[in-house]
Amino acid sequence: MRIKRCVVSRPGLFNNRTLDFNEGLTVVYGRNGSGKSLLARAILELLWGSAHPLSLLKKGSWESLYMELNLSTSFEYTFVRNGDRALSILGGNGKSQTEIFRGDPAMPHDSVRAALIDHLASRMDDPVLRTMYAAMDATSLGTTSFIPSPTDDLEAAPLEWDTVRFMLLQDPSGLYGLYRSTFGGTGRSAAPFLDELLRAESNLKEIEKRTRIIDIQQSRGDKIQKERRQVENEIARIDNRIAALRVEKALAEKLLLMTGKLRTIEERIADITNELRESDELIANIAAHGASIESRFPQFRDFTDQKKQNLKRLQETYREIRDIHVAQDNYFSARRTRFQKATGIIAITGSGGVALLYFLVNRGLLALPPRMRIYLLGGIAALLAIMTAVLYLPLFIPRKPRELVALQEARAEIEARLREILSENEIELHDYKLESVYGFLLQYFEEYGEYADGLLDLFRLREGLKSPEYLSSLQEERHELAAAAGARREEILAELPRLARYGSREIDETRLGSAREDIEMEILRSEEERRAEMKILAQLEEEARTTANYDEELRLLGEERSSAEERYGGLAARRRAMELIASVFEEVIVRREASQVARLAREARDRFNAITENRHITEIDEDTLARFIKGGGRLDGLNPTTAHLLLLAVKITMSDFILESGGIPPPLIVDDPFIFMDDRRGENLERLLFEAAAKRQIIVFTQHRSHADRNTRIEL
């Protein structure tokens, strides 16, 4: 079996590139990122006919990838895959090829395999390819035909033990084949009579074949139904997610409501605390204001109603004193006015008389003897003296008019009353002159006015003071609210862990609001996804109505299969006679298995030592290699580079076992084996691969240009 040619195309990587492979060893060289690993895995997947059972490539790797593969046995085959859209397989003798299979690459791989086996058995007598597809499953092909790069992180075991065991136990005598065909590989649990068992098995295979044909015919409908179930499952998943999100949203809204109530309670507690603090401050202010008034005006400390009435009397008495002083001032002012008037009259009269006499004498109008003149002047002077006495004498005679006496008596009475009032108010005043009394009363009334203003301010402050009963009720309310707030906070903190996306043990109303908004947005996105899935479901239902229904035929085949399986089960129950034969078979197989494993380990060890130049001869013995093989190509504590070299040696050695059993080994594809190798080991491995290629086609993908000559090398 040989892969002759590969045509591959992918935008940005391969541009209709044609690779012609040698019959023996072919080395494909390419730099990192040139698509070597993609090409190696895609060749093997296309050779199997479907990517699903192998899964060597990541999901989506076939998108935009076109590959055409020419395979040669006694016939010529062409495998063509156009991305995820179409898969076709052609086969024939020479240039004339017929279509073996055409379909969707995503269809079940068993359908592809069944179609290939049926066509190869009925139309093309090609035992090589038929044996490969009939005897091997996807795991067997991967085990025998592919060696991954040592840098790959493989989830599955690189060496499937069941596959290796099957190849080791196959021999030209057909003993193991007879054992498997007789017992189905299950030992003593098989049917007792081979002929009846084979007929029953043949009948079941025929039913299975007819069922597969119907499955192929119904593949489109199955695909639609499968997609429909997937869409329905997706819708159910979205519905579950929406329901969970709505529960989460309800929880967030509940927490927000509880947080809002807690905030209202805390705000009320703060208001009550502020009100109580203001009340305490007001009480302290009232006490300080009262103390200030008492310290500034101690004279008004014991100010009784009588003393307040005395203030009014004191004001009235002050006004009376003031009026008496004004009357006395008016009296003395009138005397001064009369004195001034008398002085004026005397001056005018005297000067007028002297002037008249002088005028008369000088003019000669009055001719008097000198003696008479003297008498006349003397008379005038005497008259003036009399007038002066008449005018001034009342002003200088010491007497007290009744008006002045009445004023003085009234003043004395008022002063006595003033002393009495001041004595009652405990005020000492030693000088009762008008100026002293006025100054004292002015200062006294000014201080009392300030005292009264202070009392008024104090009264106003007291008016703003709440009653003790009200303040007590506020304290009780605050205590009750604090207890309610504590209970509410504990309830919120108990509910917070249920809101997983909140991620905090602190109560934050803003963060809760953001969490609720995030949930709402996620619900909207999920609902949009659901609407999109519903549209897809409607389209699938419309397509399903146009697809043929094979349910009735499948039902009848199911009943026929049930009957055949019942007969087959009855035959299987009669197995006692076969148990002895099975035990003999098993004993022989166990011995052969031990012998073959030891041989495989020995020959693989020789190849491993040839590569490593006996560097690990004490570390890797036959027992270690046997455990490595049975462990699926893995061994605890083994260096990854060493494990990869062991895997190379084992898989190359397995080619000999396939040939010995009469089979034709499929090509061996090796991905980048020279990584982590020095030049000596690389040359040793290259020599080993060249020798193995004499029995089996080997295709090596590598990034090391130095390995393989130009005649066997293809450059990407």
# chains A, B, ... in the order shown; residues from 1 in each chain; ligands from 1
$ residues_around --residues "Gly24 in chain A" --least-positions-apart "5" --cutoff "6 Å" --atoms "only C-alpha atoms" --output "list in words"
Ala693, Ala694 and Gln697 of chain A
$ residues_around --residues "Arg592 in chain A" --least-positions-apart "4" --cutoff "9 Å" --atoms "only C-alpha atoms" --output "PyMOL selection string"
chain A and resi 168-169+587-588+596-597
$ residues_around --residues "range 528-542 of chain A" --least-positions-apart "4" --cutoff "7 Å" --atoms "only C-alpha atoms" --output "PyMOL selection string"
chain A and resi 224+228+231+235+238+524
$ closest_residue --among "A:Gly33, A:Ser295, A:Leu646, A:Asp623" --to "Asn609 in chain A" --atoms "only C-alpha atoms"
A:Leu646
$ closest_residue --among "A:Ala114, A:Leu46, A:Ile658, A:Val80" --to "Asp171 in chain A" --atoms "only C-alpha atoms"
A:Ile658
$ closest_residue --among "A:Glu480, A:Glu227, A:Glu683, A:Asp656" --to "Glu613 in chain A" --atoms "only C-alpha atoms"
A:Glu683
